[in-house]
Amino acid sequence: MGNLSGGHVEEFVLVGFPTSPPLQLLLFVFFLAIYLLTLLENVLIISTIRLTPSLHRPMYFFLGHLSFLELWYINVTIPRLLGAFLTQDGRVSYVGCMTQLYFFIALACTECVLLAVMAYDRYLAICDPLRYPSLMPSSLATRLAAASWGSGFFSSMMKLLFISRLYYCGPNVINHFFCDISPLLNLTCSDKEQAELVDFLLALVMILLPLVAVISSYAAIIAAVLRIPTAQGRHRAFSTCTSHLAVVIIYYSSTLFTYARPRAMYTFNYNKVISVLYTVIVPFLNPAIYCLRNKEVKEAFQKSVLGRCHHPRDVPD
């Protein structure tokens with residue numbers, strides 16, 4: 001039942017991944033490697049963008065925000081999981097659980113809106129390239145990025161306002177590796193219908209509306225690209241947004257069902273696997289996708305971070 005104060009749970013126990021000791025060690029090494037690589041990837045991308053004047057454009061300004069978000073994202077979930085592997089103690093206080101939940105929801109919602117903003121940026125760049133600098137000045141890019149962060153954190157505050165008012169009298173065991181909405185809703189002793197409704201409606205607003213914006217932007221992009229007469233021109237135009245499109249597909253395919261239907265999450269082992277995908281694997285893949293698919297980022301990375309050894313100057317005879 002855990003620690004109770006006046007019948008109210010003061011702490012929760014995160015089950016994590018209960019397996020045999022050898023597999024526990026293997027999982028610890030796996031998550032630690034992913035965590036360190038994700039940190040390195042995103043720090044390198046942020047540094048490359050800051051050190052390269054040619055990347056000081058809205059597209060890469062948004063990419064820098066996405067990388068910073070991924071850094072924050074993995075630090076909300078993975079360190080606690082690694083600590084649980086080492087100490088075999090998954091206990092987290094009630095306040096700590098609610099704090100983790102708040103930042104996790106805020107970052108997830110912010111990423112949804114930010115991906116929609118990046119899709120709109122690509123729409124302007126491809127469909128109206130001549131007027132793009134005036135349509136997307138740096139001041140507008142800054143306001144759009146700020147709106148993405150503000151809407152995400154406001155949405156999380158509204159969700160947590162209803163979830164934190166629920167009463168928990170035990171049990172306090174969460175079959176998950178972090179504090180997520182669905183397990184908490186299933187542990188409450190209160191009437192959770194209102195909290196579930198608010199969570200569902202906000203999930204629709206913060207996930208489906210940005211998704212509609214992404215689909216609309218790419219529909220217009222595809223229509224514009226198909227009007228280009230040459231195959232080389234079509235490939236060049238569409239190649240500027242393939243990285244973003246890949247990130248969108250991976251992110252939304254792993255989060256849409258989870259966030260839109262908290263009531264249905266009764267198969268928690270399956271839920272944990274899906275959660276690993278969008279909290280661990282997606283932040284790891286995003287920087288790799290942008291570096292591998294974006295020629296400008298690759299070249300800037302080689303010049304600013306790896307030095308000029310890959311681009312030796314011509315030596316006269």
# chains A, B, ... in the order shown; residues from 1 in each chain; ligands from 1
$ residues_around --residues "range 54-66 of chain A" --least-positions-apart "2" --cutoff "8 Å" --atoms "only C-alpha atoms" --output "mmCIF file with all heavy atoms, in the first residue's frame"
data_model
loop_
_atom_site.group_PDB
_atom_site.id
_atom_site.type_symbol
_atom_site.label_atom_id
_atom_site.label_comp_id
_atom_site.auth_asym_id
_atom_site.auth_seq_id
_atom_site.Cartn_x
_atom_site.Cartn_y
_atom_site.Cartn_z
ATOM 1 N N ILE A 45 24.089 19.023 -32.557
ATOM 2 C CA ILE A 45 23.230 19.748 -33.492
ATOM 3 C C ILE A 45 23.048 21.197 -33.047
ATOM 4 O O ILE A 45 23.162 22.140 -33.843
ATOM 5 C CB ILE A 45 21.866 19.049 -33.629
ATOM 6 C CG1 ILE A 45 21.987 17.811 -34.505
ATOM 7 C CG2 ILE A 45 20.815 19.990 -34.229
ATOM 8 C CD1 ILE A 45 20.690 17.118 -34.799
ATOM 9 N N ILE A 46 22.771 21.393 -31.762
ATOM 10 C CA ILE A 46 22.599 22.757 -31.249
ATOM 11 C C ILE A 46 23.877 23.556 -31.436
ATOM 12 O O ILE A 46 23.851 24.721 -31.868
ATOM 13 C CB ILE A 46 22.183 22.716 -29.768
ATOM 14 C CG1 ILE A 46 20.791 22.083 -29.623
ATOM 15 C CG2 ILE A 46 22.185 24.120 -29.169
ATOM 16 C CD1 ILE A 46 20.371 21.845 -28.187
ATOM 17 N N ILE A 49 24.429 24.471 -35.185
ATOM 18 C CA ILE A 49 23.553 25.561 -35.633
ATOM 19 C C ILE A 49 24.042 26.895 -35.091
ATOM 20 O O ILE A 49 24.058 27.907 -35.811
ATOM 21 C CB ILE A 49 22.098 25.281 -35.193
ATOM 22 C CG1 ILE A 49 21.548 24.065 -35.938
ATOM 23 C CG2 ILE A 49 21.214 26.492 -35.450
ATOM 24 C CD1 ILE A 49 20.181 23.619 -35.464
ATOM 25 N N ARG A 50 24.466 26.925 -33.842
ATOM 26 C CA ARG A 50 24.924 28.177 -33.239
ATOM 27 C C ARG A 50 26.229 28.653 -33.863
ATOM 28 O O ARG A 50 26.457 29.871 -33.989
ATOM 29 C CB ARG A 50 25.112 28.006 -31.728
ATOM 30 C CG ARG A 50 23.813 27.870 -30.962
ATOM 31 C CD ARG A 50 24.095 27.625 -29.480
ATOM 32 N NE ARG A 50 24.863 28.708 -28.894
ATOM 33 C CZ ARG A 50 24.335 29.806 -28.364
ATOM 34 N NH1 ARG A 50 23.025 29.948 -28.349
ATOM 35 N NH2 ARG A 50 25.110 30.746 -27.841
ATOM 36 N N THR A 52 27.374 28.059 -36.958
ATOM 37 C CA THR A 52 27.357 28.163 -38.419
ATOM 38 C C THR A 52 26.416 29.268 -38.859
ATOM 39 O O THR A 52 25.190 29.102 -38.807
ATOM 40 C CB THR A 52 26.928 26.824 -39.053
ATOM 41 O OG1 THR A 52 27.705 25.750 -38.501
ATOM 42 C CG2 THR A 52 27.096 26.860 -40.563
ATOM 43 N N PHE A 68 16.758 20.963 -28.416
ATOM 44 C CA PHE A 68 16.725 21.324 -27.000
ATOM 45 C C PHE A 68 15.577 20.616 -26.291
ATOM 46 O O PHE A 68 15.721 20.142 -25.155
ATOM 47 C CB PHE A 68 16.579 22.841 -26.852
ATOM 48 C CG PHE A 68 16.489 23.306 -25.428
ATOM 49 C CD1 PHE A 68 17.612 23.322 -24.609
ATOM 50 C CD2 PHE A 68 15.281 23.716 -24.890
ATOM 51 C CE1 PHE A 68 17.530 23.734 -23.290
ATOM 52 C CE2 PHE A 68 15.188 24.133 -23.575
ATOM 53 C CZ PHE A 68 16.318 24.150 -22.765
ATOM 54 N N LEU A 69 14.434 20.518 -26.968
ATOM 55 C CA LEU A 69 13.287 19.816 -26.392
ATOM 56 C C LEU A 69 13.603 18.341 -26.168
ATOM 57 O O LEU A 69 13.239 17.770 -25.131
ATOM 58 C CB LEU A 69 12.082 19.985 -27.322
ATOM 59 C CG LEU A 69 10.725 19.453 -26.836
ATOM 60 C CD1 LEU A 69 9.602 20.328 -27.391
ATOM 61 C CD2 LEU A 69 10.497 18.024 -27.278
ATOM 62 N N GLU A 70 14.284 17.713 -27.132
ATOM 63 C CA GLU A 70 14.639 16.298 -26.986
ATOM 64 C C GLU A 70 15.595 16.094 -25.814
ATOM 65 O O GLU A 70 15.507 15.094 -25.090
ATOM 66 C CB GLU A 70 15.276 15.778 -28.277
ATOM 67 C CG GLU A 70 14.428 15.908 -29.533
ATOM 68 C CD GLU A 70 13.242 14.978 -29.550
ATOM 69 O OE1 GLU A 70 12.869 14.427 -28.496
ATOM 70 O OE2 GLU A 70 12.662 14.798 -30.635
ATOM 71 N N GLU A 111 6.179 19.478 -28.526
ATOM 72 C CA GLU A 111 6.746 18.861 -29.727
ATOM 73 C C GLU A 111 5.705 18.737 -30.835
ATOM 74 O O GLU A 111 6.010 18.957 -32.007
ATOM 75 C CB GLU A 111 7.339 17.491 -29.406
ATOM 76 C CG GLU A 111 8.030 16.852 -30.586
ATOM 77 C CD GLU A 111 8.989 15.753 -30.195
ATOM 78 O OE1 GLU A 111 9.078 15.424 -28.997
ATOM 79 O OE2 GLU A 111 9.663 15.220 -31.093
ATOM 80 N N LEU A 114 5.350 22.211 -32.282
ATOM 81 C CA LEU A 114 6.581 22.613 -32.956
ATOM 82 C C LEU A 114 6.742 21.895 -34.296
ATOM 83 O O LEU A 114 7.194 22.497 -35.282
ATOM 84 C CB LEU A 114 7.776 22.330 -32.051
ATOM 85 C CG LEU A 114 9.138 22.849 -32.521
ATOM 86 C CD1 LEU A 114 9.107 24.365 -32.689
ATOM 87 C CD2 LEU A 114 10.226 22.457 -31.519
ATOM 88 N N MET A 118 7.075 23.680 -37.946
ATOM 89 C CA MET A 118 8.133 23.350 -38.909
ATOM 90 C C MET A 118 7.546 22.951 -40.258
ATOM 91 O O MET A 118 8.112 23.264 -41.312
ATOM 92 C CB MET A 118 9.005 22.234 -38.344
ATOM 93 C CG MET A 118 9.779 22.630 -37.096
ATOM 94 S SD MET A 118 10.671 21.264 -36.306
ATOM 95 C CE MET A 118 12.028 21.046 -37.468
ATOM 96 N N ASP A 121 6.558 26.129 -41.956
ATOM 97 C CA ASP A 121 7.761 26.783 -42.466
ATOM 98 C C ASP A 121 8.188 26.177 -43.794
ATOM 99 O O ASP A 121 8.533 26.897 -44.748
ATOM 100 C CB ASP A 121 8.883 26.658 -41.441
ATOM 101 C CG ASP A 121 10.212 27.145 -41.976
ATOM 102 O OD1 ASP A 121 10.379 28.369 -42.134
ATOM 103 O OD2 ASP A 121 11.099 26.297 -42.237
ATOM 104 N N ARG A 122 8.158 24.843 -43.902
ATOM 105 C CA ARG A 122 8.517 24.178 -45.165
ATOM 106 C C ARG A 122 7.488 24.503 -46.257
ATOM 107 O O ARG A 122 7.842 24.629 -47.431
ATOM 108 C CB ARG A 122 8.612 22.670 -44.960
ATOM 109 C CG ARG A 122 9.765 22.191 -44.114
ATOM 110 C CD ARG A 122 11.119 22.567 -44.709
ATOM 111 N NE ARG A 122 11.506 23.929 -44.397
ATOM 112 C CZ ARG A 122 12.281 24.695 -45.168
ATOM 113 N NH1 ARG A 122 12.723 24.239 -46.309
ATOM 114 N NH2 ARG A 122 12.601 25.926 -44.802
ATOM 115 N N MET A 136 8.370 34.706 -43.474
ATOM 116 C CA MET A 136 8.880 34.058 -42.267
ATOM 117 C C MET A 136 10.135 34.785 -41.779
ATOM 118 O O MET A 136 11.246 34.251 -41.813
ATOM 119 C CB MET A 136 9.179 32.576 -42.536
ATOM 120 C CG MET A 136 9.636 31.775 -41.309
ATOM 121 S SD MET A 136 8.467 31.719 -39.954
ATOM 122 C CE MET A 136 7.231 30.591 -40.627
ATOM 123 N N PRO A 137 9.981 36.019 -41.290
ATOM 124 C CA PRO A 137 11.141 36.714 -40.720
ATOM 125 C C PRO A 137 11.521 36.100 -39.386
ATOM 126 O O PRO A 137 10.768 35.313 -38.796
ATOM 127 C CB PRO A 137 10.634 38.158 -40.564
ATOM 128 C CG PRO A 137 9.158 38.006 -40.387
ATOM 129 C CD PRO A 137 8.756 36.824 -41.231
ATOM 130 N N SER A 138 12.681 36.465 -38.895
ATOM 131 C CA SER A 138 13.162 35.887 -37.642
ATOM 132 C C SER A 138 12.247 36.236 -36.470
ATOM 133 O O SER A 138 12.088 35.434 -35.542
ATOM 134 C CB SER A 138 14.581 36.383 -37.350
ATOM 135 O OG SER A 138 14.615 37.803 -37.280
ATOM 136 N N ALA A 141 9.416 33.755 -36.547
ATOM 137 C CA ALA A 141 9.921 32.443 -36.124
ATOM 138 C C ALA A 141 10.056 32.388 -34.602
ATOM 139 O O ALA A 141 9.697 31.381 -33.975
ATOM 140 C CB ALA A 141 11.261 32.157 -36.792
ATOM 141 N N ALA A 145 7.910 29.849 -32.163
ATOM 142 C CA ALA A 145 8.583 28.945 -31.227
ATOM 143 C C ALA A 145 8.086 29.187 -29.799
ATOM 144 O O ALA A 145 7.812 28.231 -29.058
ATOM 145 C CB ALA A 145 10.095 29.132 -31.306
ATOM 146 N N GLU A 296 23.027 20.253 -45.678
ATOM 147 C CA GLU A 296 23.572 21.451 -45.043
ATOM 148 C C GLU A 296 24.033 21.166 -43.619
ATOM 149 O O GLU A 296 25.087 21.637 -43.186
ATOM 150 C CB GLU A 296 22.534 22.577 -45.037
ATOM 151 C CG GLU A 296 22.351 23.252 -46.384
ATOM 152 C CD GLU A 296 21.413 24.430 -46.281
ATOM 153 O OE1 GLU A 296 20.235 24.217 -45.960
ATOM 154 O OE2 GLU A 296 21.860 25.569 -46.519
ATOM 155 N N VAL A 297 23.223 20.404 -42.870
ATOM 156 C CA VAL A 297 23.590 20.084 -41.491
ATOM 157 C C VAL A 297 24.837 19.209 -41.465
ATOM 158 O O VAL A 297 25.740 19.419 -40.642
ATOM 159 C CB VAL A 297 22.421 19.393 -40.761
ATOM 160 C CG1 VAL A 297 22.854 18.921 -39.379
ATOM 161 C CG2 VAL A 297 21.234 20.332 -40.635
#
$ residues_around --residues "Ile34 in chain A" --least-positions-apart "6" --cutoff "10 Å" --atoms "only C-alpha atoms" --output "ChimeraX atom specification"
/A:28,40,74,78,280-281,283-285
$ write_last_selection --atoms "N, CA and C atoms" --output "short mmCIF file (atom, residue, chain, number, x, y, z; two decimals), in the first residue's frame"
data_model
loop_
_atom_site.label_atom_id
_atom_site.label_comp_id
_atom_site.auth_asym_id
_atom_site.auth_seq_id
_atom_site.Cartn_x
_atom_site.Cartn_y
_atom_site.Cartn_z
N PHE A 28 19.96 -2.00 -18.68
CA PHE A 28 20.65 -0.83 -18.14
C PHE A 28 21.70 -0.31 -19.13
N LEU A 40 24.61 13.45 -26.76
CA LEU A 40 25.69 13.87 -27.65
C LEU A 40 25.13 14.39 -28.98
N ILE A 74 14.41 13.52 -22.67
CA ILE A 74 15.04 12.29 -22.16
C ILE A 74 15.49 12.46 -20.72
N ILE A 78 14.58 9.07 -18.52
CA ILE A 78 15.63 8.05 -18.50
C ILE A 78 16.46 8.04 -17.22
N VAL A 280 12.28 7.21 -25.68
CA VAL A 280 13.69 6.84 -25.76
C VAL A 280 14.18 6.76 -27.21
N ILE A 281 13.47 5.99 -28.03
CA ILE A 281 13.93 5.74 -29.40
C ILE A 281 13.76 6.96 -30.29
N PRO A 283 13.57 10.32 -29.56
CA PRO A 283 14.59 11.36 -29.35
C PRO A 283 15.98 10.96 -29.84
N PHE A 284 16.26 9.65 -29.84
CA PHE A 284 17.54 9.17 -30.35
C PHE A 284 17.60 9.24 -31.87
N LEU A 285 16.49 8.91 -32.54
CA LEU A 285 16.47 8.87 -34.00
C LEU A 285 16.39 10.25 -34.64
#
$ residues_around --residues "Arg236 in chain A" --least-positions-apart "5" --cutoff "12 Å" --atoms "only C-alpha atoms" --output "VMD selection string"
chain A and resid 126 225 to 226 228 230 to 231 241 to 242 294 to 295
$ closest_residue --among "A:Cys189, A:Ala116, A:Cys127, A:Val276" --to "Ala224 in chain A" --atoms "only C-alpha atoms"
A:Cys127
$ select_by_dssp --residues "range 140-311 of chain A" --states "alpha helix (DSSP H)" --output "PyMOL selection string"
chain A and resi 140-163+181-187+193-203+209-226+231-239+242-260+268-276+282-293+295-304
$ write_last_selection --atoms "C-alpha atoms" --output "compact mmCIF listing (two decimals), in the first residue's frame"
# COMPACT_ATOMS: atom_id res chain seq x y z
CA LEU A 140 7.81 35.59 -36.57
CA ALA A 141 9.92 32.44 -36.12
CA THR A 142 10.67 33.52 -32.56
CA ARG A 143 6.99 34.13 -31.82
CA LEU A 144 5.97 30.77 -33.31
CA ALA A 145 8.58 28.94 -31.23
CA ALA A 146 7.44 30.78 -28.10
CA ALA A 147 3.81 29.92 -28.89
CA SER A 148 4.75 26.24 -29.23
CA TRP A 149 6.37 26.19 -25.80
CA GLY A 150 3.63 28.27 -24.21
CA SER A 151 0.77 26.16 -25.55
CA GLY A 152 2.47 22.93 -24.48
CA PHE A 153 3.09 24.04 -20.91
CA PHE A 154 -0.37 25.60 -20.60
CA SER A 155 -2.03 22.40 -21.83
CA SER A 156 -0.02 20.37 -19.33
CA MET A 157 -1.01 22.71 -16.52
CA MET A 158 -4.70 22.25 -17.36
CA LYS A 159 -4.35 18.46 -17.43
CA LEU A 160 -2.44 18.35 -14.17
CA LEU A 161 -4.97 20.64 -12.52
CA PHE A 162 -7.60 17.90 -12.84
CA ILE A 163 -5.31 14.90 -12.28
CA ILE A 181 -1.49 9.58 -17.18
CA SER A 182 -3.11 6.20 -17.80
CA PRO A 183 -1.59 4.31 -14.81
CA LEU A 184 -2.39 7.20 -12.46
CA LEU A 185 -6.00 7.36 -13.63
CA ASN A 186 -6.37 3.65 -12.97
CA LEU A 187 -5.01 3.95 -9.39
CA GLU A 193 -14.50 10.67 -15.44
CA GLN A 194 -13.93 14.44 -15.50
CA ALA A 195 -10.14 14.10 -15.54
CA GLU A 196 -10.34 11.54 -18.36
CA LEU A 197 -12.61 13.83 -20.37
CA VAL A 198 -10.28 16.83 -19.96
CA ASP A 199 -7.27 14.70 -20.86
CA PHE A 200 -9.02 13.33 -23.94
CA LEU A 201 -10.19 16.75 -25.18
CA LEU A 202 -6.81 18.38 -24.67
CA ALA A 203 -5.14 15.45 -26.40
CA LEU A 209 -5.01 19.94 -34.63
CA PRO A 210 -1.22 20.10 -35.19
CA LEU A 211 -1.49 16.86 -37.17
CA VAL A 212 -4.16 18.43 -39.40
CA ALA A 213 -1.84 21.41 -39.92
CA VAL A 214 1.02 19.05 -40.85
CA ILE A 215 -1.13 17.08 -43.31
CA SER A 216 -2.49 20.28 -44.89
CA SER A 217 1.00 21.72 -45.27
CA TYR A 218 2.37 18.58 -46.89
CA ALA A 219 -0.63 18.26 -49.18
CA ALA A 220 0.12 21.76 -50.48
CA ILE A 221 3.85 20.94 -50.68
CA ILE A 222 3.25 17.78 -52.70
CA ALA A 223 0.91 19.63 -55.06
CA ALA A 224 3.52 22.35 -55.57
CA VAL A 225 6.34 19.85 -56.11
CA LEU A 226 4.34 17.90 -58.70
CA ALA A 231 12.50 15.42 -61.99
CA GLN A 232 15.68 17.00 -60.65
CA GLY A 233 13.76 20.09 -59.58
CA ARG A 234 11.10 17.99 -57.87
CA HIS A 235 13.72 15.98 -56.02
CA ARG A 236 15.60 19.09 -54.93
CA ALA A 237 12.45 20.80 -53.66
CA PHE A 238 11.10 17.82 -51.74
CA SER A 239 14.49 16.87 -50.29
CA THR A 242 12.05 14.73 -46.11
CA SER A 243 13.88 14.81 -42.77
CA HIS A 244 11.02 16.62 -41.08
CA LEU A 245 8.45 14.32 -42.69
CA ALA A 246 10.28 11.24 -41.39
CA VAL A 247 10.39 12.69 -37.87
CA VAL A 248 6.66 13.51 -38.02
CA ILE A 249 5.73 9.99 -39.14
CA ILE A 250 7.80 8.32 -36.41
CA TYR A 251 6.59 10.65 -33.65
CA TYR A 252 2.89 10.63 -34.45
CA SER A 253 2.70 6.90 -35.16
CA SER A 254 3.99 6.19 -31.65
CA THR A 255 2.08 8.82 -29.67
CA LEU A 256 -1.34 9.32 -31.27
CA PHE A 257 -2.99 6.23 -29.83
CA THR A 258 -1.39 6.61 -26.39
CA TYR A 259 -2.40 10.23 -25.83
CA ALA A 260 -5.80 10.12 -27.49
CA PHE A 268 0.46 -1.99 -19.41
CA ASN A 269 3.30 -4.16 -20.70
CA TYR A 270 2.31 -3.18 -24.23
CA ASN A 271 1.98 0.41 -23.07
CA LYS A 272 5.53 0.34 -21.70
CA VAL A 273 6.91 -0.87 -25.03
CA ILE A 274 5.12 1.95 -26.87
CA SER A 275 6.36 4.42 -24.26
CA VAL A 276 9.95 3.30 -24.79
CA VAL A 282 12.34 8.78 -31.08
CA PRO A 283 14.59 11.36 -29.35
CA PHE A 284 17.54 9.17 -30.35
CA LEU A 285 16.47 8.87 -34.00
CA ASN A 286 15.48 12.50 -34.64
CA PRO A 287 18.99 14.00 -34.64
CA ALA A 288 20.32 11.08 -36.67
CA ILE A 289 17.59 11.56 -39.28
CA TYR A 290 18.32 15.28 -39.63
CA CYS A 291 22.08 14.72 -39.88
CA LEU A 292 21.82 11.89 -42.38
CA ARG A 293 19.13 13.41 -44.61
CA LYS A 295 23.16 17.99 -46.58
CA GLU A 296 23.57 21.45 -45.04
CA VAL A 297 23.59 20.08 -41.49
CA LYS A 298 26.10 17.37 -42.41
CA GLU A 299 28.47 19.81 -44.08
CA ALA A 300 28.15 22.37 -41.28
CA PHE A 301 28.76 19.64 -38.71
CA GLN A 302 31.94 18.55 -40.48
CA LYS A 303 33.23 22.11 -40.72
CA SER A 304 32.30 23.49 -37.32
$ atom_distance --atom1 "CA of Arg91 in chain A" --atom2 "CA of Ala33 in chain A"
23.7 Å
$ residues_around --residues "Val76 in chain A" --least-positions-apart "3" --cutoff "8 Å" --atoms "only C-alpha atoms" --output "count of residues only"
7
$ atom_distance --atom1 "CA of Glu10 in chain A" --atom2 "CA of Asn75 in chain A"
23.4 Å
$ decode --residues "range 136-148 of chain A" --atoms "N, CA and C atoms" --output "PDB file, in the first residue's frame"
ATOM      1  N   MET A 136       8.370  34.706 -43.474  1.00  0.00           N
ATOM      2  CA  MET A 136       8.880  34.058 -42.267  1.00  0.00           C
ATOM      3  C   MET A 136      10.135  34.785 -41.779  1.00  0.00           C
ATOM      4  N   PRO A 137       9.981  36.019 -41.290  1.00  0.00           N
ATOM      5  CA  PRO A 137      11.141  36.714 -40.720  1.00  0.00           C
ATOM      6  C   PRO A 137      11.521  36.100 -39.386  1.00  0.00           C
ATOM      7  N   SER A 138      12.681  36.465 -38.895  1.00  0.00           N
ATOM      8  CA  SER A 138      13.162  35.887 -37.642  1.00  0.00           C
ATOM      9  C   SER A 138      12.247  36.236 -36.470  1.00  0.00           C
ATOM     10  N   SER A 139      11.614  37.419 -36.525  1.00  0.00           N
ATOM     11  CA  SER A 139      10.708  37.803 -35.432  1.00  0.00           C
ATOM     12  C   SER A 139       9.497  36.879 -35.375  1.00  0.00           C
ATOM     13  N   LEU A 140       8.954  36.510 -36.542  1.00  0.00           N
ATOM     14  CA  LEU A 140       7.812  35.590 -36.572  1.00  0.00           C
ATOM     15  C   LEU A 140       8.237  34.197 -36.120  1.00  0.00           C
ATOM     16  N   ALA A 141       9.416  33.755 -36.547  1.00  0.00           N
ATOM     17  CA  ALA A 141       9.921  32.443 -36.124  1.00  0.00           C
ATOM     18  C   ALA A 141      10.056  32.388 -34.602  1.00  0.00           C
ATOM     19  N   THR A 142      10.529  33.479 -34.015  1.00  0.00           N
ATOM     20  CA  THR A 142      10.668  33.517 -32.555  1.00  0.00           C
ATOM     21  C   THR A 142       9.307  33.439 -31.877  1.00  0.00           C
ATOM     22  N   ARG A 143       8.328  34.167 -32.415  1.00  0.00           N
ATOM     23  CA  ARG A 143       6.989  34.135 -31.821  1.00  0.00           C
ATOM     24  C   ARG A 143       6.345  32.758 -31.966  1.00  0.00           C
ATOM     25  N   LEU A 144       6.540  32.106 -33.100  1.00  0.00           N
ATOM     26  CA  LEU A 144       5.972  30.768 -33.308  1.00  0.00           C
ATOM     27  C   LEU A 144       6.606  29.751 -32.357  1.00  0.00           C
ATOM     28  N   ALA A 145       7.910  29.849 -32.163  1.00  0.00           N
ATOM     29  CA  ALA A 145       8.583  28.945 -31.227  1.00  0.00           C
ATOM     30  C   ALA A 145       8.086  29.187 -29.799  1.00  0.00           C
ATOM     31  N   ALA A 146       7.943  30.459 -29.435  1.00  0.00           N
ATOM     32  CA  ALA A 146       7.438  30.778 -28.099  1.00  0.00           C
ATOM     33  C   ALA A 146       6.006  30.286 -27.922  1.00  0.00           C
ATOM     34  N   ALA A 147       5.190  30.406 -28.966  1.00  0.00           N
ATOM     35  CA  ALA A 147       3.812  29.917 -28.889  1.00  0.00           C
ATOM     36  C   ALA A 147       3.774  28.401 -28.736  1.00  0.00           C
ATOM     37  N   SER A 148       4.696  27.706 -29.361  1.00  0.00           N
ATOM     38  CA  SER A 148       4.755  26.244 -29.231  1.00  0.00           C
ATOM     39  C   SER A 148       5.037  25.854 -27.786  1.00  0.00           C
TER      40      SER A 148
END
